[in-house]
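Engineer: mmCIF, C-alpha atoms, saved as final-v1.cif, coming up:
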```cif
data_work
#
loop_
_atom_site.label_atom_id
_atom_site.label_comp_id
_atom_site.auth_asym_id
_atom_site.auth_seq_id
_atom_site.Cartn_x
_atom_site.Cartn_y
_atom_site.Cartn_z
CA MET O 1 -14.95 -3.35 -34.73
CA ALA O 2 -13.25 -5.45 -32.07
CA GLN O 3 -9.69 -6.56 -32.74
CA TYR O 4 -8.14 -9.69 -31.26
CA ILE O 5 -4.78 -11.30 -30.64
CA PHE O 6 -4.74 -14.87 -29.39
CA HIS O 7 -1.82 -16.36 -27.48
CA LYS O 8 -2.14 -20.11 -26.98
CA ALA O 9 -0.57 -21.37 -23.77
CA ASP O 10 1.85 -23.65 -25.61
CA THR O 11 3.22 -20.80 -27.73
CA ARG O 12 4.62 -18.97 -24.71
CA GLY O 13 8.34 -18.65 -24.06
CA HIS O 14 9.69 -21.22 -21.62
CA ASP O 15 12.68 -21.10 -19.29
CA HIS O 16 13.51 -23.99 -17.06
CA HIS O 17 16.15 -23.76 -14.35
CA ASP O 18 16.58 -25.80 -11.18
CA TRP O 19 15.26 -22.79 -9.22
CA LEU O 20 12.53 -21.55 -11.57
CA ASP O 21 10.19 -22.78 -14.27
CA SER O 22 8.73 -19.84 -16.17
CA ARG O 23 6.22 -19.57 -19.03
CA LYS O 24 6.27 -16.13 -20.60
CA THR O 25 3.35 -14.75 -22.58
CA PHE O 26 5.47 -11.77 -23.63
CA SER O 27 9.19 -11.34 -24.34
CA PHE O 28 11.22 -11.37 -21.15
CA GLY O 29 14.75 -12.31 -20.19
CA ASP O 30 16.19 -14.72 -22.73
CA TYR O 31 12.85 -15.07 -24.52
CA TYR O 32 12.59 -12.54 -27.32
CA ASN O 33 9.79 -12.48 -29.85
CA PRO O 34 9.31 -9.09 -31.55
CA ARG O 35 5.60 -9.88 -32.02
CA ARG O 36 5.21 -10.50 -28.29
CA MET O 37 6.39 -7.28 -26.67
CA GLY O 38 3.34 -6.72 -24.52
CA PHE O 39 -0.22 -5.53 -24.82
CA GLY O 40 -0.53 -1.77 -24.30
CA VAL O 41 0.96 -0.94 -20.91
CA LEU O 42 0.86 -4.62 -19.93
CA ARG O 43 4.47 -5.62 -20.57
CA VAL O 44 5.09 -8.86 -18.69
CA LEU O 45 2.91 -11.87 -17.92
CA ASN O 46 5.02 -14.67 -16.51
CA ASP O 47 3.59 -17.90 -15.15
CA ASP O 48 6.24 -18.91 -12.62
CA THR O 49 6.83 -22.00 -10.51
CA LEU O 50 9.39 -21.99 -7.71
CA PRO O 51 10.51 -25.27 -6.12
CA GLY O 52 10.61 -25.41 -2.33
CA GLY O 53 13.07 -22.95 -0.79
CA LYS O 54 14.00 -21.41 -4.14
CA GLY O 55 13.40 -17.94 -5.45
CA PHE O 56 14.65 -14.65 -6.76
CA GLY O 57 17.56 -13.29 -4.73
CA GLN O 58 17.93 -9.61 -4.01
CA HIS O 59 17.83 -7.57 -7.23
CA PRO O 60 16.77 -4.05 -8.23
CA HIS O 61 13.76 -2.59 -10.01
CA ASP O 62 12.60 0.86 -10.92
CA ASN O 63 9.74 2.45 -12.82
CA MET O 64 7.47 -0.55 -13.15
CA GLU O 65 4.30 -1.75 -11.44
CA ILE O 66 5.04 -5.35 -10.44
CA ILE O 67 2.02 -7.41 -9.50
CA SER O 68 2.32 -10.92 -8.10
CA ILE O 69 -0.67 -13.21 -7.85
CA PRO O 70 0.19 -16.38 -5.92
CA LEU O 71 -1.82 -19.34 -7.26
CA LYS O 72 -0.38 -22.06 -5.04
CA GLY O 73 1.76 -21.89 -1.92
CA SER O 74 3.21 -18.58 -0.78
CA LEU O 75 6.00 -16.09 -1.48
CA ARG O 76 8.25 -14.48 1.09
CA HIS O 77 8.86 -10.86 0.13
CA GLU O 78 11.57 -8.53 1.46
CA ASP O 79 12.60 -5.18 0.06
CA SER O 80 15.02 -2.34 0.71
CA ALA O 81 12.17 -0.08 1.82
CA GLY O 82 11.82 -2.32 4.88
CA ASN O 83 8.75 -4.27 3.78
CA LYS O 84 8.55 -7.93 4.77
CA ALA O 85 5.48 -9.97 3.93
CA ILE O 86 4.18 -13.41 3.10
CA ALA O 87 1.98 -13.40 0.01
CA ALA O 88 -0.08 -16.58 -0.02
CA ALA O 89 -2.59 -17.89 -2.55
CA GLY O 90 -5.67 -15.70 -2.17
CA THR O 91 -3.64 -12.53 -1.77
CA ILE O 92 -2.13 -10.12 -4.28
CA GLN O 93 1.12 -8.25 -3.97
CA VAL O 94 1.73 -4.94 -5.74
CA MET O 95 5.17 -3.38 -5.78
CA HIS O 96 5.38 0.12 -7.23
CA ALA O 97 9.10 0.21 -8.04
CA GLY O 98 9.10 3.94 -8.79
CA SER O 99 12.44 5.61 -8.10
CA GLY O 100 14.01 2.26 -7.31
CA LEU O 101 14.35 -0.47 -4.73
CA PHE O 102 15.89 -3.90 -4.23
CA HIS O 103 13.78 -6.91 -3.35
CA SER O 104 13.80 -10.68 -3.06
CA GLU O 105 10.98 -13.18 -3.55
CA TYR O 106 11.36 -16.73 -2.26
CA ASN O 107 9.06 -19.67 -1.98
CA ASN O 108 8.12 -19.56 1.68
CA SER O 109 7.93 -23.33 1.87
CA SER O 110 11.04 -25.48 1.94
CA ASP O 111 9.38 -28.47 0.30
CA GLU O 112 6.17 -27.44 -1.53
CA VAL O 113 6.20 -25.64 -4.88
CA ALA O 114 4.88 -22.09 -5.16
CA GLU O 115 3.11 -20.98 -8.32
CA PHE O 116 2.39 -17.37 -9.13
CA LEU O 117 1.71 -14.94 -11.94
CA GLN O 118 4.24 -12.16 -12.27
CA ILE O 119 2.75 -9.20 -14.11
CA TRP O 120 4.50 -5.95 -15.03
CA VAL O 121 2.66 -2.81 -16.04
CA TYR O 122 4.37 0.34 -17.30
CA PRO O 123 4.00 3.17 -14.76
CA GLU O 124 1.90 6.26 -15.22
CA ASP O 125 4.63 8.53 -13.81
CA LEU O 126 8.38 8.15 -13.64
CA ASN O 127 10.58 8.15 -10.54
CA THR O 128 7.89 8.44 -7.86
CA PRO O 129 8.51 7.00 -4.35
CA PRO O 130 8.35 3.19 -4.17
CA ARG O 131 5.53 1.53 -2.26
CA TYR O 132 4.37 -1.97 -1.45
CA THR O 133 0.84 -3.23 -0.91
CA LEU O 134 -0.44 -6.65 0.04
CA GLY O 135 -4.14 -7.11 -0.69
CA GLU O 136 -6.68 -9.87 -0.68
CA LEU O 137 -8.53 -11.53 -3.52
CA PRO O 138 -12.20 -12.34 -3.05
CA PRO O 139 -12.85 -15.90 -1.83
CA HIS O 140 -13.58 -18.36 -4.61
CA THR O 141 -16.90 -19.15 -2.96
CA GLU O 142 -18.21 -15.86 -4.39
CA ARG O 143 -18.77 -17.43 -7.77
CA ASN O 144 -20.00 -16.39 -11.18
CA GLN O 145 -19.10 -12.74 -10.86
CA LEU O 146 -16.03 -10.71 -11.59
CA HIS O 147 -14.31 -9.00 -8.69
CA THR O 148 -12.16 -5.99 -9.44
CA PHE O 149 -9.09 -6.06 -7.21
CA ILE O 150 -6.97 -3.44 -8.94
CA GLY O 151 -8.41 -0.14 -10.00
CA PRO O 152 -8.77 3.50 -9.05
CA ASP O 153 -11.53 4.08 -6.51
CA THR O 154 -12.23 0.37 -6.26
CA PRO O 155 -13.56 -0.70 -2.84
CA LYS O 156 -10.96 -3.02 -1.23
CA GLY O 157 -8.94 -2.68 -4.44
CA ILE O 158 -5.40 -1.46 -5.01
CA ALA O 159 -4.79 1.50 -7.28
CA VAL O 160 -1.90 0.87 -9.67
CA ARG O 161 -2.69 3.57 -12.22
CA LYS O 162 -5.79 5.67 -12.73
CA ASP O 163 -6.55 3.85 -15.98
CA VAL O 164 -5.89 0.17 -15.15
CA TRP O 165 -8.36 -2.37 -13.80
CA PHE O 166 -7.72 -6.03 -12.98
CA SER O 167 -10.57 -8.39 -12.19
CA THR O 168 -10.88 -12.08 -11.48
CA GLY O 169 -13.57 -14.63 -10.79
CA HIS O 170 -14.43 -18.31 -10.51
CA PHE O 171 -17.16 -19.47 -12.87
CA ASP O 172 -19.33 -22.52 -13.23
CA TYR O 173 -20.04 -24.25 -16.50
CA GLY O 174 -22.48 -22.17 -18.54
CA ALA O 175 -22.23 -19.03 -16.41
CA SER O 176 -22.06 -16.04 -18.70
CA PHE O 177 -21.46 -12.36 -18.24
CA THR O 178 -20.53 -9.21 -20.07
CA TYR O 179 -17.42 -7.23 -19.23
CA ALA O 180 -17.91 -3.52 -19.82
CA VAL O 181 -14.69 -1.64 -20.51
CA HIS O 182 -14.20 1.08 -17.88
CA GLN O 183 -12.35 3.58 -20.04
CA PRO O 184 -12.91 4.11 -23.77
CA GLY O 185 -9.81 3.22 -25.76
CA ASN O 186 -8.54 0.72 -23.23
CA GLY O 187 -7.77 -2.83 -24.30
CA VAL O 188 -8.53 -5.97 -22.35
CA TYR O 189 -6.22 -8.93 -21.92
CA ALA O 190 -8.05 -12.04 -20.73
CA PHE O 191 -5.92 -14.83 -19.24
CA VAL O 192 -7.46 -18.15 -18.28
CA ILE O 193 -6.01 -19.37 -15.01
CA ASP O 194 -8.00 -22.61 -14.81
CA GLY O 195 -10.63 -24.33 -16.92
CA ARG O 196 -12.09 -23.17 -20.21
CA PHE O 197 -14.03 -20.14 -21.42
CA TYR O 198 -15.70 -18.72 -24.50
CA ILE O 199 -14.64 -15.11 -24.90
CA ASP O 200 -16.38 -13.26 -27.73
CA GLY O 201 -17.00 -16.68 -29.28
CA LYS O 202 -13.36 -17.80 -29.09
CA GLU O 203 -12.57 -20.87 -26.99
CA LEU O 204 -9.75 -20.47 -24.48
CA SER O 205 -8.17 -23.16 -22.31
CA ALA O 206 -6.02 -22.89 -19.20
CA ARG O 207 -3.20 -20.35 -19.52
CA ASP O 208 -4.33 -19.15 -22.95
CA GLY O 209 -4.47 -15.37 -23.38
CA LEU O 210 -6.65 -13.19 -25.59
CA GLY O 211 -6.03 -9.50 -26.19
CA ILE O 212 -9.07 -7.46 -27.27
CA TRP O 213 -9.19 -3.82 -28.28
CA ASP O 214 -11.53 -1.45 -30.12
CA SER O 215 -14.35 -2.98 -28.12
CA GLU O 216 -16.53 -1.72 -25.29
CA HIS O 217 -18.19 -4.97 -24.24
CA ILE O 218 -16.78 -8.47 -24.04
CA GLU O 219 -18.97 -11.55 -23.82
CA ILE O 220 -17.62 -14.29 -21.57
CA LYS O 221 -18.99 -17.76 -20.79
CA GLY O 222 -17.61 -20.49 -18.53
CA LEU O 223 -17.05 -23.79 -20.33
CA SER O 224 -15.98 -25.92 -17.40
CA GLU O 225 -16.68 -26.18 -13.68
CA ASP O 226 -14.61 -23.94 -11.43
CA ALA O 227 -13.07 -22.08 -14.34
CA ARG O 228 -10.99 -19.09 -13.28
CA LEU O 229 -10.27 -16.01 -15.34
CA LEU O 230 -8.07 -12.94 -14.98
CA ILE O 231 -9.10 -9.80 -16.86
CA MET O 232 -6.56 -7.01 -17.26
CA GLU O 233 -7.89 -3.76 -18.68
CA VAL O 234 -5.09 -1.43 -19.73
CA PRO O 235 -4.43 1.65 -21.87
CA MET O 236 -3.03 0.75 -25.26
CA ILE O 237 -0.64 3.72 -25.33
CA ILE O 238 2.58 3.78 -23.30
CA ASN O 239 3.41 7.30 -22.24
CA PRO O 240 4.83 7.69 -18.74
CA GLN O 241 5.87 11.17 -17.70
CA MET C 1 37.50 -4.79 -35.56
CA ASP C 2 35.50 -4.65 -32.35
CA ASN C 3 31.95 -5.80 -33.06
CA HIS C 4 30.72 -5.27 -29.53
CA LEU C 5 27.72 -3.04 -29.07
CA LYS C 6 28.82 0.07 -27.23
CA LEU C 7 26.23 1.08 -24.70
CA LEU C 8 26.00 4.10 -22.46
CA ALA C 9 23.61 3.73 -19.53
CA VAL C 10 22.60 6.84 -17.59
CA GLY C 11 20.86 6.53 -14.24
CA TYR C 12 21.05 8.33 -10.94
CA ASP C 13 20.85 5.54 -8.37
CA PRO C 14 24.42 4.24 -7.92
CA ALA C 15 23.42 0.88 -6.42
CA ILE C 16 20.96 0.09 -9.22
CA MET C 17 23.36 1.35 -11.89
CA GLN C 18 26.10 -0.88 -10.52
CA VAL C 19 23.82 -3.85 -11.25
CA VAL C 20 22.90 -2.48 -14.69
CA GLY C 21 26.61 -2.04 -15.48
CA ARG C 22 27.36 -5.58 -14.38
CA LEU C 23 24.53 -6.94 -16.54
CA LEU C 24 25.66 -5.00 -19.59
CA ASN C 25 29.26 -6.12 -19.29
CA SER C 26 28.39 -9.74 -18.55
CA HIS C 27 26.75 -9.99 -21.97
CA ALA C 28 29.16 -11.44 -24.53
CA GLY C 29 28.43 -8.90 -27.26
CA TRP C 30 28.14 -5.71 -25.22
CA ASN C 31 30.41 -3.08 -23.72
CA GLY C 32 28.65 -0.95 -21.14
CA VAL C 33 29.64 2.42 -19.70
CA ILE C 34 27.74 3.97 -16.80
CA ALA C 35 27.03 7.65 -16.11
CA LEU C 36 25.50 8.62 -12.78
CA THR C 37 24.41 12.19 -13.55
CA ARG C 38 22.79 13.98 -16.47
CA GLU C 39 25.94 16.08 -16.97
CA GLU C 40 28.20 13.04 -16.98
CA GLY C 41 25.87 11.33 -19.43
CA LEU C 42 25.79 14.27 -21.82
CA GLU C 43 29.57 14.57 -21.63
CA LYS C 44 30.18 10.88 -22.30
CA LEU C 45 27.68 10.87 -25.15
CA LEU C 46 29.88 13.33 -27.04
CA GLU C 47 33.18 11.65 -26.16
CA GLU C 48 32.61 8.37 -28.01
CA ASN C 49 30.32 6.78 -30.54
CA TYR C 50 27.73 4.72 -28.71
CA ASP C 51 25.31 2.36 -30.46
CA ALA C 52 22.68 2.96 -27.82
CA LEU C 53 21.97 5.19 -24.87
CA LEU C 54 19.92 3.57 -22.12
CA LEU C 55 17.97 5.97 -19.94
CA CYS C 56 17.56 4.31 -16.57
CA VAL C 57 16.49 5.06 -13.00
CA GLY C 58 15.89 8.70 -12.10
CA VAL C 59 16.12 10.10 -15.63
CA SER C 60 13.16 12.45 -16.07
CA ALA C 61 11.22 13.31 -19.21
CA ASP C 62 13.07 16.66 -19.27
CA ASP C 63 16.42 14.91 -19.07
CA GLU C 64 15.34 12.55 -21.82
CA GLU C 65 14.56 15.53 -24.01
CA ALA C 66 18.04 16.94 -23.33
CA PHE C 67 19.64 13.68 -24.48
CA HIS C 68 17.49 13.66 -27.62
CA ARG C 69 18.53 17.24 -28.35
CA VAL C 70 22.23 16.36 -28.15
CA VAL C 71 21.78 13.31 -30.38
CA ASN C 72 19.84 15.35 -32.94
CA ASN C 73 22.04 18.45 -32.82
CA HIS C 74 25.23 16.46 -33.25
CA HIS C 75 23.77 14.02 -35.79
CA LEU C 76 24.72 11.05 -33.63
CA SER C 77 23.64 7.57 -34.72
CA THR C 78 23.06 6.58 -31.09
CA ILE C 79 19.64 5.03 -30.46
CA ILE C 80 17.96 6.27 -27.29
CA ILE C 81 16.14 3.63 -25.30
CA ARG C 82 14.16 4.10 -22.09
CA HIS C 83 15.05 1.15 -19.87
CA TYR C 84 12.21 0.10 -17.59
CA GLY C 85 12.31 -2.21 -14.66
CA GLY C 86 15.87 -1.61 -13.54
CA GLY C 87 17.01 -5.19 -13.89
CA SER C 88 17.69 -8.03 -16.23
CA GLY C 89 14.11 -8.84 -17.28
CA LEU C 90 13.64 -6.33 -20.07
CA LEU C 91 17.16 -5.09 -20.79
CA GLU C 92 18.08 -7.42 -23.64
CA ASN C 93 14.56 -7.27 -25.06
CA GLU C 94 14.56 -3.49 -25.18
CA LEU C 95 17.92 -3.38 -26.93
CA ARG C 96 17.06 -6.07 -29.46
CA ALA C 97 13.71 -4.45 -30.24
CA ALA C 98 15.34 -1.04 -30.77
CA LEU C 99 18.06 -2.48 -32.98
CA ASP C 100 15.52 -4.51 -34.99
CA HIS C 101 13.46 -1.37 -35.44
CA GLN C 102 16.49 0.60 -36.60
CA GLN C 103 17.28 -2.01 -39.26
#
```
Hey, can you dump this file as C-alpha cells for me?

Structural biologist:
Amino acid sequence: MAQYIFHKADTRGHDHHDWLDSRKTFSFGDYYNPRRMGFGVLRVLNDDTLPGGKGFGQHPHDNMEIISIPLKGSLRHEDSAGNKAIAAAGTIQVMHAGSGLFHSEYNNSSDEVAEFLQIWVYPEDLNTPPRYTLGELPPHTERNQLHTFIGPDTPKGIAVRKDVWFSTGHFDYGASFTYAVHQPGNGVYAFVIDGRFYIDGKELSARDGLGIWDSEHIEIKGLSEDARLLIMEVPMIINPQ
Amino acid sequence: MDNHLKLLAVGYDPAIMQVVGRLLNSHAGWNGVIALTREEGLEKLLEENYDALLLCVGVSADDEEAFHRVVNNHHLSTIIIRHYGGGSGLLENELRAALDHQQ
C-alpha cells in the first residue's frame, strides 16, 4: 500500500541573508529538523533566490550529485575543473562532485533576481572523477506530458545515477496522467513548482512536496492553468560504495 | 571542564580539508583536528578521545571499514560519520543527527 509524507511549502526551513533567500524542504545549513533529513537518496531540495550580482563564492564539494534548475534569470558557474557556463531558465546544470572540486555560482545579472532549485542526491559511487553537464529542459509549449531530463539511457537526458529519474512538465487545468515508477522499490518525490495539482487524491499547491513510496503508479491531475511539476524518482536506500 | 565536541576529520584532499577544518573550528562548540591520510587518521584516532570521526573526501569503503575496526577493537566511544558534500551544507546536520541517534 502506498505510503506518503507531505511537506507543505510554509513548513520548510527559511534562511534570509542579504545575498540569499533560501527555503529548505530538508535539513540543510542552520536548518535542522531530524524528521526532515531527506527522502531516500534525495538529500537536499533548496528553493533559492539570489539578488542581482550575488551568489555563492568559491567553495568545495565532494561525493554529491548537485543539480541546479534555474527557474528565473540565470546562474554563472565556474569550477576548478575549468568549466565555465551560464545556466539560464530552461536549462539544467548537473555537477558530479565526485573526488572533489571547488565552484562558485553567481546570479549572472547585476540587477534582476535569479531563482533556482538546488537539489543534492547521494552518489552511487564514492570518489569518482568530477564532471559537469549543462542540459536543456523541454520547452513549456510541449504541454500536458512529463519529460524525463535525468535518467539512465534517457534520450537528451543526463545520467546522474543508474537508478534516478527526474521529470518535469507544464500542465493545463484538468490534464491528468499516471506516473509509472521505473524501478521497483524506488520512491517518488513530487514538488510543485507552479500552480496546483492533485497527486493520488492529495491537493498540492506551489512549492509543496509529497513523498510517495511502496507504490508503482501515481495519479496526477493539474488543478490550475500552466501548473508545473517536478518528479524525482529515487532509491530509498542510501548505500554508496 | 571542556565541553567542546572533539572531532577528527579524515580526508585526502588538502585544499578541501583545509576548508572542512576551518568550518569545524569556526563552530563555537567544536574542536576539529584534520588528518590527511588513512594512516594519520588511524594514528590520531588512538591518541585522543574523539566524540566523532568524520570520513570526508577520498575515504573509500575499505578505509571506512578499517576505521570501524579500530573503533570496535579498541572499544572507542567515537561515532563514525560519513560526511557528504565536502562543505558547510550538511556538516552540522550530519553531526547533530548522529549525536541525536546516539542519545

Engineer: With all atoms listed in the file counted, which protein, DNA or RNA residues have an atom no more than 10 Å from (7.2, -11.6, -23.4) in the file frame? Please answer as a PyMOL selection string.

Structural biologist: (chain O and resi 12-13+23-39+43-46) or (chain C and resi 89-90+93)

Engineer: Give, as AutoDock Vina command-line options, the centre coordinates and the x, y and z edge lengths in Å to one decimal for an axis-aligned box around all listed atoms of stretch 58-67 of chain C, padded by 6 Å on each side.

Structural biologist:
```
--center_x 15.4 --center_y 12.8 --center_z -18.3 --size_x 20.4 --size_y 20.2 --size_z 24.4
```

Engineer: Counting all atoms listed in the file, give me one row per residue of chain C with an atom at most 12 Å from an atom of chain O, showing the shortest contact pair and its distance in Å to one decimal, sorted by chain then residue number, as CSV.

Structural biologist:
```
residue,atom,partner,partner_atom,distance
C:Gly11,CA,O:Ser99,CA,10.5
C:Tyr12,CA,O:Ser99,CA,9.5
C:Asp13,CA,O:Gly100,CA,7.7
C:Pro14,CA,O:Gly100,CA,10.6
C:Ala15,CA,O:Pro60,CA,8.5
C:Ile16,CA,O:Pro60,CA,6.0
C:Met17,CA,O:Pro60,CA,9.3
C:Gln18,CA,O:Pro60,CA,10.1
C:Val19,CA,O:Pro60,CA,7.7
C:Val20,CA,O:Pro60,CA,9.0
C:Leu23,CA,O:His59,CA,11.5
C:His27,CA,O:Asp30,CA,11.6
C:Leu55,CA,O:Asn63,CA,11.4
C:Cys56,CA,O:Asp62,CA,8.3
C:Val57,CA,O:Asp62,CA,6.1
C:Gly58,CA,O:Asn127,CA,5.6
C:Val59,CA,O:Asn127,CA,7.8
C:Ser60,CA,O:Leu126,CA,6.9
C:Ala61,CA,O:Gln241,CA,6.0
C:Asp62,CA,O:Gln241,CA,9.2
C:Asp63,CA,O:Gln241,CA,11.3
C:Glu64,CA,O:Gln241,CA,10.4
C:Glu65,CA,O:Gln241,CA,11.6
C:Arg82,CA,O:Asn63,CA,10.4
C:His83,CA,O:Asn63,CA,8.9
C:Tyr84,CA,O:Asn63,CA,5.9
C:Gly85,CA,O:Asp62,CA,4.8
C:Gly86,CA,O:His61,CA,4.2
C:Gly87,CA,O:His61,CA,5.7
C:Ser88,CA,O:Gly29,CA,6.5
C:Gly89,CA,O:Gly29,CA,4.6
C:Leu90,CA,O:Phe28,CA,5.7
C:Leu91,CA,O:Gly29,CA,7.6
C:Glu92,CA,O:Gly29,CA,6.8
C:Asn93,CA,O:Tyr32,CA,6.1
C:Glu94,CA,O:Met37,CA,9.1
C:Leu95,CA,O:Tyr32,CA,10.6
C:Arg96,CA,O:Tyr32,CA,8.1
C:Ala97,CA,O:Pro34,CA,6.5
C:Ala98,CA,O:Pro34,CA,10.1
C:Leu99,CA,O:Pro34,CA,11.1
C:Asp100,CA,O:Pro34,CA,8.4
C:His101,CA,O:Pro34,CA,9.6
```

Engineer: With C-alpha atoms retained, could you export that selection as a JSON list (two decimals), in the coordinates of the input?

Structural biologist:
```
[["chain", "number", "residue", "atom", "x", "y", "z"],
["C", 11, "GLY", "CA", 20.86, 6.53, -14.24],
["C", 12, "TYR", "CA", 21.05, 8.33, -10.94],
["C", 13, "ASP", "CA", 20.85, 5.54, -8.37],
["C", 14, "PRO", "CA", 24.42, 4.24, -7.92],
["C", 15, "ALA", "CA", 23.42, 0.88, -6.42],
["C", 16, "ILE", "CA", 20.96, 0.09, -9.22],
["C", 17, "MET", "CA", 23.36, 1.35, -11.89],
["C", 18, "GLN", "CA", 26.10, -0.88, -10.52],
["C", 19, "VAL", "CA", 23.82, -3.85, -11.25],
["C", 20, "VAL", "CA", 22.90, -2.48, -14.69],
["C", 23, "LEU", "CA", 24.53, -6.94, -16.54],
["C", 27, "HIS", "CA", 26.75, -9.99, -21.97],
["C", 55, "LEU", "CA", 17.97, 5.97, -19.94],
["C", 56, "CYS", "CA", 17.56, 4.31, -16.57],
["C", 57, "VAL", "CA", 16.49, 5.06, -13.00],
["C", 58, "GLY", "CA", 15.89, 8.70, -12.10],
["C", 59, "VAL", "CA", 16.12, 10.10, -15.63],
["C", 60, "SER", "CA", 13.16, 12.45, -16.07],
["C", 61, "ALA", "CA", 11.22, 13.31, -19.21],
["C", 62, "ASP", "CA", 13.07, 16.66, -19.27],
["C", 63, "ASP", "CA", 16.42, 14.91, -19.07],
["C", 64, "GLU", "CA", 15.34, 12.55, -21.82],
["C", 65, "GLU", "CA", 14.56, 15.53, -24.01],
["C", 82, "ARG", "CA", 14.16, 4.10, -22.09],
["C", 83, "HIS", "CA", 15.05, 1.15, -19.87],
["C", 84, "TYR", "CA", 12.21, 0.10, -17.59],
["C", 85, "GLY", "CA", 12.31, -2.21, -14.66],
["C", 86, "GLY", "CA", 15.87, -1.61, -13.54],
["C", 87, "GLY", "CA", 17.01, -5.19, -13.89],
["C", 88, "SER", "CA", 17.69, -8.03, -16.23],
["C", 89, "GLY", "CA", 14.11, -8.84, -17.28],
["C", 90, "LEU", "CA", 13.64, -6.33, -20.07],
["C", 91, "LEU", "CA", 17.16, -5.09, -20.79],
["C", 92, "GLU", "CA", 18.08, -7.42, -23.64],
["C", 93, "ASN", "CA", 14.56, -7.27, -25.06],
["C", 94, "GLU", "CA", 14.56, -3.49, -25.18],
["C", 95, "LEU", "CA", 17.92, -3.38, -26.93],
["C", 96, "ARG", "CA", 17.06, -6.07, -29.46],
["C", 97, "ALA", "CA", 13.71, -4.45, -30.24],
["C", 98, "ALA", "CA", 15.34, -1.04, -30.77],
["C", 99, "LEU", "CA", 18.06, -2.48, -32.98],
["C", 100, "ASP", "CA", 15.52, -4.51, -34.99],
["C", 101, "HIS", "CA", 13.46, -1.37, -35.44]]
```

Engineer: So which residues get picked by the PyMOL selection byres ((chain O and resi 79) around 12) here, written as a VMD selection string?

Structural biologist: chain O and resid 56 to 61 76 to 78 80 to 85 95 to 97 100 to 106 130 to 133

Engineer: Please compute the atom CA of O:Val164-atom CA of O:Ile212 distance, one decimal, in Å.

Structural biologist: 14.7 Å

Engineer: Counting only C-alpha atoms, note down every residue that has an atom within 7 Å of the point (-12.7, -0.1, -25.1) (file coordinates), as a PyMOL selection string.

Structural biologist: chain O and resi 181+183-187+213-216

Engineer: Of the candidates O:Val188, O:Ala87, O:Ile69, O:Met232, which one gets nearest to O:His217 if we count only C-alpha atoms?

Structural biologist: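 Among the listed residues, O:Val188 lies closest to O:His217.
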
Engineer: Enter the distance from atom CA of O:Asp200 to atom CA of O:Ile231, in Å, rounded to one decimal.

Structural biologist: 13.5 Å

Engineer: Between atom CA of C:Gly29 and atom CA of C:Glu47, what is the distance in Å, rounded to a tenth?

Structural biologist: 21.1 Å

Engineer: Which of these, C:Ala52, C:Ile79, C:Ala9, C:Asn72, has the shortest distance to C:Arg22 once you count all atoms listed in the file?

Structural biologist: C:Ala9

Engineer: Run through the PyMOL selection byres ((chain O and resi 109) around 8) on the given coordinates and return the selected residues as a ChimeraX atom specification.

Structural biologist: /O:52-53,73-74,107-108,110-114

Engineer: Restricting the output to C-alpha atoms, write the selected residues as a compact mmCIF listing (two decimals), in the coordinates of the input.

Structural biologist:
```txt
# COMPACT_ATOMS: atom_id res chain seq x y z
CA GLY O 52 10.61 -25.41 -2.33
CA GLY O 53 13.07 -22.95 -0.79
CA GLY O 73 1.76 -21.89 -1.92
CA SER O 74 3.21 -18.58 -0.78
CA ASN O 107 9.06 -19.67 -1.98
CA ASN O 108 8.12 -19.56 1.68
CA SER O 110 11.04 -25.48 1.94
CA ASP O 111 9.38 -28.47 0.30
CA GLU O 112 6.17 -27.44 -1.53
CA VAL O 113 6.20 -25.64 -4.88
CA ALA O 114 4.88 -22.09 -5.16
```
